[in-house]
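Just run-v4.cif here, mmCIF, C-alpha atoms; chains and numbers go by the auth columns:
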```
data_run
loop_
_atom_site.group_PDB
_atom_site.id
_atom_site.type_symbol
_atom_site.label_atom_id
_atom_site.label_comp_id
_atom_site.label_asym_id
_atom_site.label_seq_id
_atom_site.Cartn_x
_atom_site.Cartn_y
_atom_site.Cartn_z
_atom_site.B_iso_or_equiv
_atom_site.auth_seq_id
_atom_site.auth_asym_id
ATOM 1 C CA MET A 1 -5.463 65.953 -79.613 0.00 181 A
ATOM 2 C CA PHE A 2 -2.686 64.117 -81.219 0.00 182 A
ATOM 3 C CA ILE A 3 -0.739 64.002 -77.976 0.00 183 A
ATOM 4 C CA VAL A 4 -3.641 62.528 -75.974 0.00 184 A
ATOM 5 C CA ALA A 5 -4.198 59.884 -78.579 0.00 185 A
ATOM 6 C CA TYR A 6 -0.526 58.978 -78.519 0.00 186 A
ATOM 7 C CA VAL A 7 -0.484 58.757 -74.746 0.00 187 A
ATOM 8 C CA PHE A 8 -3.612 56.661 -74.803 0.00 188 A
ATOM 9 C CA SER A 9 -2.050 54.400 -77.333 0.00 189 A
ATOM 10 C CA LEU A 10 1.034 54.041 -75.151 0.00 190 A
ATOM 11 C CA GLY A 11 -1.101 53.209 -72.158 0.00 191 A
ATOM 12 C CA VAL A 12 -2.897 50.557 -74.083 0.00 192 A
ATOM 13 C CA HIS A 13 0.316 49.059 -75.314 0.00 193 A
ATOM 14 C CA LYS A 14 1.784 49.001 -71.801 0.00 194 A
ATOM 15 C CA SER A 15 -1.169 47.251 -70.183 0.00 195 A
ATOM 16 C CA GLN A 16 -1.458 44.399 -72.702 0.00 196 A
ATOM 17 C CA PRO A 17 1.699 42.424 -71.692 0.00 197 A
ATOM 18 C CA THR A 18 0.620 42.389 -68.027 0.00 198 A
ATOM 19 C CA ALA A 19 -2.692 40.763 -68.880 0.00 199 A
ATOM 20 C CA THR A 20 -0.913 38.244 -71.047 0.00 200 A
ATOM 21 C CA TYR A 21 1.476 37.312 -68.250 0.00 201 A
ATOM 22 C CA GLU A 22 -1.393 36.877 -65.825 0.00 202 A
ATOM 23 C CA ILE A 23 -3.167 34.576 -68.255 0.00 203 A
ATOM 24 C CA GLU A 24 0.011 32.601 -68.855 0.00 204 A
ATOM 25 C CA ASP A 25 0.634 32.270 -65.095 0.00 205 A
ATOM 26 C CA GLU A 26 -2.878 31.029 -64.581 0.00 206 A
ATOM 27 C CA ASN A 27 -2.530 28.476 -67.370 0.00 207 A
ATOM 28 C CA TRP A 28 0.837 27.358 -66.053 0.00 208 A
ATOM 29 C CA GLU A 29 -0.598 26.855 -62.572 0.00 209 A
ATOM 30 C CA LYS A 30 -3.460 24.839 -64.005 0.00 210 A
ATOM 31 C CA THR A 31 -1.035 22.803 -66.069 0.00 211 A
ATOM 32 C CA LEU A 32 1.225 22.242 -63.066 0.00 212 A
ATOM 33 C CA GLU A 33 -1.754 21.316 -60.921 0.00 213 A
ATOM 34 C CA GLY A 34 -2.887 18.890 -63.599 0.00 214 A
ATOM 35 C CA GLU A 35 0.539 17.357 -63.798 0.00 215 A
ATOM 36 C CA MET A 36 0.669 17.020 -60.014 0.00 216 A
ATOM 37 C CA ILE A 37 -2.724 15.346 -60.033 0.00 217 A
ATOM 38 C CA ASN A 38 -1.585 13.013 -62.800 0.00 218 A
ATOM 39 C CA ARG A 39 1.618 12.277 -60.941 0.00 219 A
ATOM 40 C CA ASN A 40 -0.307 11.534 -57.775 0.00 220 A
ATOM 41 C CA LYS A 41 -2.622 9.270 -59.730 0.00 221 A
ATOM 42 C CA ASN A 42 0.354 7.568 -61.330 0.00 222 A
ATOM 43 C CA LYS A 43 1.992 7.256 -57.921 0.00 223 A
ATOM 44 C CA VAL A 44 -1.152 5.693 -56.507 0.00 224 A
ATOM 45 C CA ASN A 45 -1.328 3.341 -59.483 0.00 225 A
ATOM 46 C CA VAL A 46 2.335 2.386 -59.103 0.00 226 A
ATOM 47 C CA GLU A 47 1.936 1.808 -55.376 0.00 227 A
ATOM 48 C CA THR A 48 -1.181 -0.255 -56.015 0.00 228 A
ATOM 49 C CA MET A 49 0.565 -2.300 -58.681 0.00 229 A
ATOM 50 C CA LEU A 50 3.630 -2.690 -56.460 0.00 230 A
ATOM 51 C CA GLY A 51 1.460 -3.848 -53.580 0.00 231 A
ATOM 52 C CA GLU A 52 -0.311 -6.359 -55.798 0.00 232 A
ATOM 53 C CA PHE A 53 3.048 -7.526 -57.169 0.00 233 A
ATOM 54 C CA ILE A 54 4.457 -7.989 -53.657 0.00 234 A
ATOM 55 C CA LYS A 55 1.311 -9.833 -52.644 0.00 235 A
ATOM 56 C CA GLU A 56 1.518 -12.105 -55.685 0.00 236 A
ATOM 57 C CA THR A 57 5.255 -12.610 -55.081 0.00 237 A
ATOM 58 C CA LYS A 58 4.657 -13.645 -51.471 0.00 238 A
ATOM 59 C CA GLU A 59 1.951 -16.051 -52.580 0.00 239 A
ATOM 60 C CA PHE A 60 4.299 -17.462 -55.215 0.00 240 A
ATOM 61 C CA GLU A 61 7.075 -17.817 -52.637 0.00 241 A
ATOM 62 C CA ARG A 62 4.676 -19.563 -50.276 0.00 242 A
ATOM 63 C CA GLN A 63 3.677 -22.026 -52.994 0.00 243 A
ATOM 64 C CA VAL A 64 7.319 -22.604 -53.972 0.00 244 A
ATOM 65 C CA ILE A 65 8.312 -23.258 -50.341 0.00 245 A
ATOM 66 C CA ARG A 66 5.360 -25.626 -49.949 0.00 246 A
ATOM 67 C CA GLN A 67 6.351 -27.518 -53.091 0.00 247 A
ATOM 68 C CA LEU A 68 9.963 -27.669 -51.884 0.00 248 A
ATOM 69 C CA HIS A 69 8.840 -29.174 -48.570 0.00 249 A
ATOM 70 C CA ILE A 70 6.791 -31.764 -50.447 0.00 250 A
ATOM 71 C CA LEU A 71 9.733 -32.484 -52.763 0.00 251 A
ATOM 72 C CA ASN A 72 12.136 -32.828 -49.822 0.00 252 A
ATOM 73 C CA ALA A 73 9.749 -35.203 -48.075 0.00 253 A
ATOM 74 C CA ARG A 74 9.463 -37.347 -51.200 0.00 254 A
ATOM 75 C CA MET A 75 13.235 -37.317 -51.724 0.00 255 A
ATOM 76 C CA LYS A 76 13.743 -38.373 -48.109 0.00 256 A
ATOM 77 C CA GLU A 77 11.237 -41.188 -48.551 0.00 257 A
ATOM 78 C CA ILE A 78 12.958 -42.319 -51.761 0.00 258 A
ATOM 79 C CA MET A 79 16.383 -42.262 -50.071 0.00 259 A
ATOM 80 C CA GLU A 80 15.064 -44.223 -47.085 0.00 260 A
ATOM 81 C CA ASN A 81 13.516 -46.816 -49.387 0.00 261 A
ATOM 82 C CA GLN A 82 16.748 -46.995 -51.364 0.00 262 A
ATOM 83 C CA GLU A 83 18.751 -47.441 -48.156 0.00 263 A
ATOM 84 C CA ILE A 84 16.417 -50.224 -47.024 0.00 264 A
ATOM 85 C CA PHE A 85 16.747 -51.873 -50.436 0.00 265 A
ATOM 86 C CA MET A 86 20.550 -51.616 -50.393 0.00 266 A
ATOM 87 C CA LYS A 87 20.740 -53.017 -46.860 0.00 267 A
ATOM 88 C CA SER A 88 18.483 -55.879 -47.857 0.00 268 A
ATOM 89 C CA LYS A 89 20.573 -56.497 -50.958 0.00 269 A
ATOM 90 C CA ASN A 90 23.802 -56.331 -48.957 0.00 270 A
ATOM 91 C CA ASN A 91 22.394 -58.687 -46.333 0.00 271 A
ATOM 92 C CA ILE A 92 21.443 -61.183 -49.014 0.00 272 A
ATOM 93 C CA ALA A 93 24.871 -60.836 -50.625 0.00 273 A
ATOM 94 C CA THR A 94 26.546 -61.173 -47.213 0.00 274 A
ATOM 95 C CA GLU A 95 24.528 -64.271 -46.376 0.00 275 A
ATOM 96 C CA GLU A 96 25.376 -65.804 -49.740 0.00 276 A
ATOM 97 C CA HIS A 97 29.030 -64.873 -49.257 0.00 277 A
ATOM 98 C CA ASN A 98 29.029 -66.326 -45.750 0.00 278 A
ATOM 99 C CA GLU A 99 27.430 -69.531 -46.989 0.00 279 A
ATOM 100 C CA ASP A 100 29.975 -69.816 -49.792 0.00 280 A
ATOM 101 C CA HIS A 101 32.816 -69.005 -47.408 0.00 281 A
ATOM 102 C CA LEU A 102 31.585 -71.557 -44.869 0.00 282 A
ATOM 103 C CA ARG A 103 31.290 -74.219 -47.546 0.00 283 A
ATOM 104 C CA ILE A 104 34.812 -73.474 -48.820 0.00 284 A
ATOM 105 C CA VAL A 105 36.276 -73.532 -45.304 0.00 285 A
ATOM 106 C CA GLN A 106 34.548 -76.807 -44.504 0.00 286 A
ATOM 107 C CA GLU A 107 35.949 -78.314 -47.688 0.00 287 A
ATOM 108 C CA LYS A 108 39.453 -77.135 -46.800 0.00 288 A
ATOM 109 C CA MET A 109 39.195 -78.280 -43.187 0.00 289 A
ATOM 110 C CA ALA A 110 38.069 -81.732 -44.332 0.00 290 A
ATOM 111 C CA ILE A 111 41.722 -82.638 -44.910 0.00 291 A
ATOM 112 C CA PHE A 112 42.301 -82.651 -41.129 0.00 292 A
ATOM 113 C CA PRO A 113 43.479 -84.585 -39.275 0.00 293 A
ATOM 114 C CA ILE A 114 46.304 -85.706 -41.570 0.00 294 A
ATOM 115 C CA GLN A 115 46.225 -89.507 -41.750 0.00 295 A
ATOM 116 C CA SER A 116 48.973 -90.177 -44.297 0.00 296 A
ATOM 117 C CA GLU A 117 52.124 -88.645 -45.696 0.00 297 A
ATOM 118 C CA ILE A 118 50.368 -88.214 -49.045 0.00 298 A
ATOM 119 C CA ASP A 119 47.764 -86.024 -47.353 0.00 299 A
ATOM 120 C CA LEU A 120 50.568 -84.140 -45.617 0.00 300 A
ATOM 121 C CA LEU A 121 52.271 -83.406 -48.940 0.00 301 A
ATOM 122 C CA LYS A 122 48.949 -82.180 -50.378 0.00 302 A
ATOM 123 C CA LEU A 123 48.498 -79.882 -47.390 0.00 303 A
ATOM 124 C CA GLU A 124 52.014 -78.511 -47.807 0.00 304 A
ATOM 125 C CA GLU A 125 51.164 -77.551 -51.390 0.00 305 A
ATOM 126 C CA VAL A 126 47.997 -75.820 -50.205 0.00 306 A
ATOM 127 C CA LEU A 127 49.887 -73.867 -47.533 0.00 307 A
ATOM 128 C CA LYS A 128 52.219 -72.373 -50.139 0.00 308 A
ATOM 129 C CA ASP A 129 49.314 -70.097 -51.009 0.00 309 A
ATOM 130 C CA SER A 130 49.288 -67.314 -48.395 0.00 310 A
ATOM 131 C CA SER A 131 45.528 -66.798 -48.719 0.00 311 A
ATOM 132 C CA GLU A 132 44.916 -70.499 -48.043 0.00 312 A
ATOM 133 C CA MET A 133 47.271 -70.328 -45.072 0.00 313 A
ATOM 134 C CA LYS A 134 45.308 -67.370 -43.693 0.00 314 A
ATOM 135 C CA ILE A 135 41.911 -69.076 -44.075 0.00 315 A
ATOM 136 C CA LEU A 136 43.022 -72.265 -42.333 0.00 316 A
ATOM 137 C CA ALA A 137 44.847 -70.382 -39.561 0.00 317 A
ATOM 138 C CA LYS A 138 41.756 -68.289 -38.870 0.00 318 A
ATOM 139 C CA GLU A 139 39.560 -71.365 -38.632 0.00 319 A
ATOM 140 C CA LEU A 140 42.004 -73.214 -36.374 0.00 320 A
ATOM 141 C CA SER A 141 42.269 -70.181 -34.070 0.00 321 A
ATOM 142 C CA LEU A 142 38.597 -70.679 -33.203 0.00 322 A
ATOM 143 C CA LEU A 143 39.367 -73.926 -31.380 0.00 323 A
ATOM 144 C CA GLY A 144 40.036 -71.799 -28.307 0.00 324 A
ATOM 145 C CA GLY A 145 41.877 -72.430 -25.073 0.00 325 A
ATOM 146 C CA ASN A 146 43.027 -70.526 -21.996 0.00 326 A
ATOM 147 C CA SER A 147 46.794 -70.684 -22.566 0.00 327 A
ATOM 148 C CA VAL A 148 49.371 -71.014 -25.326 0.00 328 A
ATOM 149 C CA LYS A 149 49.994 -74.629 -24.382 0.00 329 A
ATOM 150 C CA GLU A 150 46.321 -75.573 -24.391 0.00 330 A
ATOM 151 C CA ILE A 151 45.536 -73.816 -27.677 0.00 331 A
ATOM 152 C CA THR A 152 48.622 -75.294 -29.379 0.00 332 A
ATOM 153 C CA ARG A 153 47.759 -78.819 -28.204 0.00 333 A
ATOM 154 C CA ARG A 154 44.181 -78.469 -29.460 0.00 334 A
ATOM 155 C CA ILE A 155 45.406 -77.344 -32.870 0.00 335 A
ATOM 156 C CA MET A 156 47.932 -80.193 -33.100 0.00 336 A
ATOM 157 C CA PHE A 157 45.259 -82.763 -32.272 0.00 337 A
ATOM 158 C CA GLN A 158 43.033 -81.172 -34.920 0.00 338 A
ATOM 159 C CA ILE A 159 45.559 -81.189 -37.772 0.00 339 A
ATOM 160 C CA MET A 160 47.557 -84.418 -37.255 0.00 340 A
ATOM 161 C CA SER A 161 46.905 -87.987 -36.291 0.00 341 A
ATOM 162 C CA ASN A 162 49.238 -89.690 -33.823 0.00 342 A
ATOM 163 C CA GLN A 163 50.165 -92.094 -36.597 0.00 343 A
ATOM 164 C CA ILE A 164 51.756 -89.276 -38.634 0.00 344 A
ATOM 165 C CA GLY A 165 52.935 -87.341 -35.591 0.00 345 A
ATOM 166 C CA GLN A 166 55.142 -90.191 -34.388 0.00 346 A
ATOM 167 C CA LEU A 167 57.122 -90.010 -37.655 0.00 347 A
ATOM 168 C CA TYR A 168 58.329 -86.488 -36.823 0.00 348 A
ATOM 169 C CA SER A 169 60.320 -84.647 -34.210 0.00 349 A
ATOM 170 C CA TRP A 170 61.078 -80.946 -34.166 0.00 350 A
ATOM 171 C CA ASP A 171 64.732 -81.252 -35.211 0.00 351 A
ATOM 172 C CA GLY A 172 64.643 -84.809 -36.604 0.00 352 A
ATOM 173 C CA GLN A 173 66.173 -86.598 -33.621 0.00 353 A
ATOM 174 C CA LYS A 174 66.444 -90.391 -33.566 0.00 354 A
ATOM 175 C CA GLY A 175 66.142 -90.718 -37.323 0.00 355 A
ATOM 176 C CA LYS A 176 62.751 -89.012 -37.503 0.00 356 A
ATOM 177 C CA LYS A 177 61.721 -86.386 -40.052 0.00 357 A
ATOM 178 C CA LYS A 178 62.199 -82.695 -39.283 0.00 358 A
ATOM 179 C CA PHE A 179 58.877 -81.109 -38.419 0.00 359 A
ATOM 180 C CA ARG A 180 60.336 -77.581 -38.371 0.00 360 A
ATOM 181 C CA GLU A 181 61.088 -77.784 -42.115 0.00 361 A
ATOM 182 C CA LEU A 182 57.394 -78.103 -42.954 0.00 362 A
ATOM 183 C CA LEU A 183 54.925 -75.262 -43.468 0.00 363 A
ATOM 184 C CA LEU A 184 52.645 -76.881 -40.910 0.00 364 A
ATOM 185 C CA PRO A 185 54.426 -75.315 -37.886 0.00 365 A
ATOM 186 C CA LYS A 186 53.908 -71.869 -39.447 0.00 366 A
ATOM 187 C CA LEU A 187 50.205 -72.645 -39.739 0.00 367 A
ATOM 188 C CA VAL A 188 50.068 -73.527 -36.035 0.00 368 A
ATOM 189 C CA ILE A 189 51.975 -70.374 -35.019 0.00 369 A
ATOM 190 C CA ASN A 190 49.690 -68.149 -37.118 0.00 370 A
ATOM 191 C CA ALA A 191 46.581 -69.808 -35.699 0.00 371 A
ATOM 192 C CA VAL A 192 47.727 -69.375 -32.085 0.00 372 A
ATOM 193 C CA ARG A 193 48.488 -65.688 -32.671 0.00 373 A
ATOM 194 C CA LEU A 194 45.084 -65.102 -34.239 0.00 374 A
ATOM 195 C CA ASN A 195 43.472 -66.091 -30.951 0.00 375 A
ATOM 196 C CA ASP A 196 42.745 -62.991 -28.845 0.00 376 A
ATOM 197 C CA ARG A 197 44.143 -64.539 -25.664 0.00 377 A
ATOM 198 C CA THR A 198 47.465 -65.558 -27.199 0.00 378 A
ATOM 199 C CA GLN A 199 48.011 -62.939 -29.909 0.00 379 A
ATOM 200 C CA ASN A 200 51.241 -61.705 -28.285 0.00 380 A
ATOM 201 C CA SER A 201 52.812 -65.150 -27.950 0.00 381 A
ATOM 202 C CA THR A 202 56.405 -65.585 -29.070 0.00 382 A
ATOM 203 C CA GLU A 203 57.455 -68.294 -31.487 0.00 383 A
ATOM 204 C CA SER A 204 59.352 -70.153 -28.754 0.00 384 A
ATOM 205 C CA ASP A 205 56.215 -70.102 -26.574 0.00 385 A
ATOM 206 C CA ILE A 206 54.332 -71.949 -29.317 0.00 386 A
ATOM 207 C CA VAL A 207 57.134 -74.264 -30.461 0.00 387 A
ATOM 208 C CA LYS A 208 57.602 -75.774 -26.999 0.00 388 A
ATOM 209 C CA PRO A 209 54.140 -77.437 -26.773 0.00 389 A
ATOM 210 C CA MET A 210 54.499 -78.551 -30.411 0.00 390 A
ATOM 211 C CA ARG A 211 57.731 -80.355 -29.499 0.00 391 A
ATOM 212 C CA GLU A 212 56.050 -82.039 -26.539 0.00 392 A
ATOM 213 C CA TRP A 213 53.074 -83.105 -28.629 0.00 393 A
ATOM 214 C CA LEU A 214 55.352 -84.769 -31.208 0.00 394 A
ATOM 215 C CA VAL A 215 57.373 -86.562 -28.516 0.00 395 A
ATOM 216 C CA ARG A 216 54.256 -88.070 -26.970 0.00 396 A
ATOM 217 C CA ALA A 217 52.588 -89.020 -30.264 0.00 397 A
ATOM 218 C CA LYS A 218 54.273 -92.434 -30.177 0.00 398 A
ATOM 219 C CA PHE A 219 52.943 -93.210 -26.714 0.00 399 A
ATOM 220 C CA ARG A 220 49.448 -92.066 -27.590 0.00 400 A
ATOM 221 C CA GLN A 221 49.604 -94.378 -30.586 0.00 401 A
ATOM 222 C CA GLN A 222 50.316 -97.423 -28.423 0.00 402 A
ATOM 223 C CA PRO A 223 47.251 -99.368 -27.296 0.00 403 A
ATOM 224 C CA VAL A 224 46.296 -99.060 -23.663 0.00 404 A
ATOM 225 C CA PRO A 225 46.742 -102.412 -21.901 0.00 405 A
ATOM 226 C CA PRO A 226 43.528 -103.826 -20.489 0.00 406 A
ATOM 227 C CA ILE A 227 42.958 -103.642 -16.757 0.00 407 A
ATOM 228 C CA THR A 228 43.061 -107.121 -15.221 0.00 408 A
ATOM 229 C CA GLU A 229 41.357 -108.034 -12.005 0.00 409 A
ATOM 230 C CA ARG A 230 43.632 -109.004 -9.176 0.00 410 A
ATOM 231 C CA SER A 231 43.295 -112.642 -8.201 0.00 411 A
ATOM 232 C CA GLU A 232 42.232 -113.314 -4.666 0.00 412 A
ATOM 233 C CA LYS A 233 44.842 -114.925 -2.530 0.00 413 A
#
```

Represent the structure of the file as structure tokens.
Amino acid sequence: MFIVAYVFSLGVHKSQPTATYEIEDENWEKTLEGEMINRNKNKVNVETMLGEFIKETKEFERQVIRQLHILNARMKEIMENQEIFMKSKNNIATEEHNEDHLRIVQEKMAIFPIQSEIDLLKLEEVLKDSSEMKILAKELSLLGGNSVKEITRRIMFQIMSNQIGQLYSWDGQKGKKKFRELLLPKLVINAVRLNDRTQNSTESDIVKPMREWLVRAKFRQQPVPPITERSEK
């Protein structure tokens, strides 16, 4: 009797852990299944949120790009208006500068042709300033001509009267004053070389017609005798 009871008690004690393990396995599976379900739900929620975020981001990017296009268009318009304004301002300034420059040049050119030695001395003082020399030479170069001789003669007629010209020769021959010692010949040479057609002229090319002009100044100064009718025989 005692032995049967002991065996029975052993059998009971042996079967209890197995039932416990089965219960624990079942609970663990349920827990794992619950966690998987929760994870899937969380995954779905994350994917949904990510999709909404991407959608919102794309919409934001679209709006930003649209605003950038509008901003670029406005900036371009502002720059174009500014460029137009600056061109207009520069044109006005250029016109004013040109008017002032023209007025100054006209005032300087008013000294020509030289009619007296006093005027010649004043001109010599002016020509000591290289900027003044450049302005006058540029203006005289516009007189034009097809050859060195023609351009030089035009300039000489522009700057000197025959009355003053007859007082000078190039080297001071026959008791005349030396023209080559003045700054005036340099003005003529610079003016001839500023002309596109004669820019490569040598100094001797230009001096030769200056010499001839001075030699003939005396004869141009003399009055032309009147033409008399021949008497009939």

What box, with edges along x, y and z, holds each listed atom of region 235-250 of chain A when 5 Å is added on every side, and can you state its centre and edge lengths in Å to one decimal, as AutoDock Vina command-line options?
```
--center_x 5.6 --center_y -20.8 --center_z -52.1 --size_x 18.7 --size_y 31.9 --size_z 17.1
```

For this structure, which residues satisfy the selection - the PyMOL selection byres ((chain A and resi 361) around 12) - when it is evaluated on the file as given? I want them as an MDAnalysis selection string. chainID A and resid 304 348:352 357:360 362:366

Now that the selection is made, can you save its residues with C-alpha atoms as a compact mmCIF listing (two decimals), in the coordinates of the input?
```txt
# COMPACT_ATOMS: atom_id res chain seq x y z
CA GLU A 304 52.01 -78.51 -47.81
CA TYR A 348 58.33 -86.49 -36.82
CA SER A 349 60.32 -84.65 -34.21
CA TRP A 350 61.08 -80.95 -34.17
CA ASP A 351 64.73 -81.25 -35.21
CA GLY A 352 64.64 -84.81 -36.60
CA LYS A 357 61.72 -86.39 -40.05
CA LYS A 358 62.20 -82.70 -39.28
CA PHE A 359 58.88 -81.11 -38.42
CA ARG A 360 60.34 -77.58 -38.37
CA LEU A 362 57.39 -78.10 -42.95
CA LEU A 363 54.92 -75.26 -43.47
CA LEU A 364 52.64 -76.88 -40.91
CA PRO A 365 54.43 -75.32 -37.89
CA LYS A 366 53.91 -71.87 -39.45
```

Write out as a PyMOL selection string the residues lying within 9 Å of region 383-393 of chain A, counting only C-alpha atoms and excluding same-chain residues fewer than 6 positions away. chain A and resi 328-330+332-333+336-337+345+349-350+365+368-369+372

Give me the residues within 12 Å of Leu320 (chain A) as a ChimeraX atom specification, counting all atoms listed in the file and dropping any in the same chain fewer than 6 places off. /A:285-286,288-289,292-293,313-314,331-339,367-375

Using the chain letters and numbering of this document, enumerate as a ChimeraX atom specification the residues selected by the PyMOL selection byres ((chain A and resi 400) around 10). /A:341-343,345-346,393,395-399,401-404

Output for the residues just chosen: C-alpha atoms as a PDB file, in the coordinates of the input:
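After the write, result.pdb holds the following:
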```
ATOM      1  CA  SER A 341      46.905 -87.987 -36.291  1.00  0.00           C
ATOM      2  CA  ASN A 342      49.238 -89.690 -33.823  1.00  0.00           C
ATOM      3  CA  GLN A 343      50.165 -92.094 -36.597  1.00  0.00           C
ATOM      4  CA  GLY A 345      52.935 -87.341 -35.591  1.00  0.00           C
ATOM      5  CA  GLN A 346      55.142 -90.191 -34.388  1.00  0.00           C
ATOM      6  CA  TRP A 393      53.074 -83.105 -28.629  1.00  0.00           C
ATOM      7  CA  VAL A 395      57.373 -86.562 -28.516  1.00  0.00           C
ATOM      8  CA  ARG A 396      54.256 -88.070 -26.970  1.00  0.00           C
ATOM      9  CA  ALA A 397      52.588 -89.020 -30.264  1.00  0.00           C
ATOM     10  CA  LYS A 398      54.273 -92.434 -30.177  1.00  0.00           C
ATOM     11  CA  PHE A 399      52.943 -93.210 -26.714  1.00  0.00           C
ATOM     12  CA  GLN A 401      49.604 -94.378 -30.586  1.00  0.00           C
ATOM     13  CA  GLN A 402      50.316 -97.423 -28.423  1.00  0.00           C
ATOM     14  CA  PRO A 403      47.251 -99.368 -27.296  1.00  0.00           C
ATOM     15  CA  VAL A 404      46.296 -99.060 -23.663  1.00  0.00           C
TER      16      VAL A 404
END
```

Nearest to Leu323 (chain A), chosen from A:Asn225, A:Gly355, A:Asp376, A:Met216, with all atoms listed in the file counted in the distances: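 The answer is A:Asp376, which sits nearest to Leu323 (chain A).
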
Straight-line distance linking CA of Glu312 (chain A) with CA of Thr378 (chain A), stated in Å to one decimal: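 Computing the Euclidean distance for CA of Glu312 (chain A) and CA of Thr378 (chain A) yields 21.6 Å.
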
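Between Met340 (chain A) and the candidates A:Glu305, A:Glu239, A:Asp299, A:Glu319, the tightest atom-to-atom separation, counting all atoms listed in the file, involves A:Asp299.
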
Just the number, please: distance in Å from CA of Leu282 (chain A) to CA of Glu297 (chain A), one decimal.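 Taking CA of Leu282 (chain A) and CA of Glu297 (chain A), their separation equals 26.7 Å.
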
Figure out the distance between CA of Glu232 (chain A) and CA of Asn218 (chain A), please, to one decimal in Å.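 Result for CA of Asn218 (chain A) versus CA of Glu232 (chain A): 20.6 Å, one decimal.
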